[in-house]
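Encoded as structure tokens, the structure appears first; notes follow it.
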Amino acid sequence: MRRVSHHRVRYKARALRRLLTQIVRRFAPTRAVLGVSRRDDRASQALRTEASRVFDSLQLPFVVRGVHLGVALVVRGARGDRPNTLATRLVEGFTPELAPHLEQTEAVAWYHRAAWHSTALAIAELVERAPMAAAALARPAAFMMGRFHANLLTSLRHSTPRV
């Protein structure tokens, strides 16, 4: 495993702080989700700590979730049955407007992976917090992907008030 220098982490933390502040001020989200990969090294922890500080200073509620939760929502198995499965499933089931980016993703999958994981994680959070909105966002193909349909039904049962 490659060792990341302290200076590099500090530089990335500074850049992350600046970018997160700009994004929060521009889009005014009501909640943030911090994704944690299964390979949670010191550099990842330092960047997550920095993101937490930014969100706290901006008084933005946030949760920390494993990235695998978003992937499992639309892909059966850890990686899927073909390269680029996650991106393809997200486009087919939720975000057809991102279809032009699939070709770029195939060319440099490592570069775009974080964006697709973030999208999947956002949808997973939506399923948990606002299942009706997640159902409205989903296209018919999404209901046959991964755990989306089962998780959606569970969330709907928990969120629907009993009469």
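To be explicit about the labels: the chains of the structure tokens are called A, B, and onward in the order shown, and within each one the residues are counted from 1, while ligands get numbers from 1 in the order they are shown.
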Would you mind writing down, as a ChimeraX atom specification, each residue of region 9-162 of chain A that DSSP on the backbone assigns to strand (DSSP E)? /A:32-36,62-66
Each region 22-59 of chain A residue no farther than 10 Å from region 113-136 of chain A, nearest pair in Å, only C-alpha atoms, as a Markdown table:
| residue | atom | partner | partner_atom | distance |
| --- | --- | --- | --- | --- |
| A:Arg31 | CA | A:Glu125 | CA | 9.8 |
| A:Ala32 | CA | A:Ala122 | CA | 8.8 |
| A:Val33 | CA | A:Ala122 | CA | 7.1 |
| A:Leu34 | CA | A:Ser118 | CA | 8.8 |
| A:Gly35 | CA | A:Ser118 | CA | 7.3 |
| A:Ser37 | CA | A:His117 | CA | 9.7 |
Keeping only C-alpha atoms, write those residues as a PDB file, in the first residue's frame.
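Final file, again_38.pdb:
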ATOM      1  CA  ARG A  31     -28.128  17.277   4.734  1.00  0.00           C
ATOM      2  CA  ALA A  32     -24.777  15.813   3.726  1.00  0.00           C
ATOM      3  CA  VAL A  33     -23.621  12.218   3.487  1.00  0.00           C
ATOM      4  CA  LEU A  34     -19.972  11.330   4.021  1.00  0.00           C
ATOM      5  CA  GLY A  35     -19.027   8.086   2.305  1.00  0.00           C
ATOM      6  CA  SER A  37     -14.793   3.155   1.714  1.00  0.00           C
TER       7      SER A  37
END
Rank nothing, just name the residue among A:Leu58, A:Leu73, A:Glu50, A:Ala15 nearest to Ala150 (chain A), using only C-alpha atoms. A:Leu73
Proximity to Arg8 (chain A) - best of A:Leu47, A:Val54, A:Leu156, A:Val74, only C-alpha atoms: A:Leu47
If you count only C-alpha atoms, which residues fall within 7 Å of Ala142 (chain A), apart from same-chain ones fewer than 4 positions away, as an NGL selection string? :A and (93-94 or 138 or 148)
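The closest residue to Ala13 (chain A), picked from A:Arg147, A:His112, A:Arg139, A:Arg53 and counting only C-alpha atoms, is A:Arg53.
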Please indicate the distance in Å from CA of Leu86 (chain A) to CA of Val71 (chain A), rounded to one decimal place. 6.8 Å
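Residue nearest Ala43 (chain A), chosen from A:Phe27, A:Lys12, A:Leu102, A:Leu20 and counting only C-alpha atoms: A:Lys12.
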What parts of region 3-148 of chain A does DSSP call helix (DSSP H, G or I)? I'd like the answer as a VMD selection string. chain A and resid 6 to 27 42 to 57 67 to 74 85 to 93 96 to 98 100 to 107 109 to 129 131 to 137 140 to 144 148
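Going from CA of Pro61 (chain A) over to CA of Thr30 (chain A), you cover 7.2 Å.
Among the candidates A:Ser159, A:Thr21, A:Gln104, A:Thr154, the residue lying nearest to Asp56 (chain A) is A:Thr21 (atoms considered: only C-alpha atoms).
Distances from A:Leu137, A:Ala72, A:Leu16, A:Met144 to Phe55 (chain A) were compared using only C-alpha atoms, and the smallest one belongs to A:Leu16.
Separating CA of Asn84 (chain A) from CA of Arg48 (chain A) is a distance of 26.0 Å.
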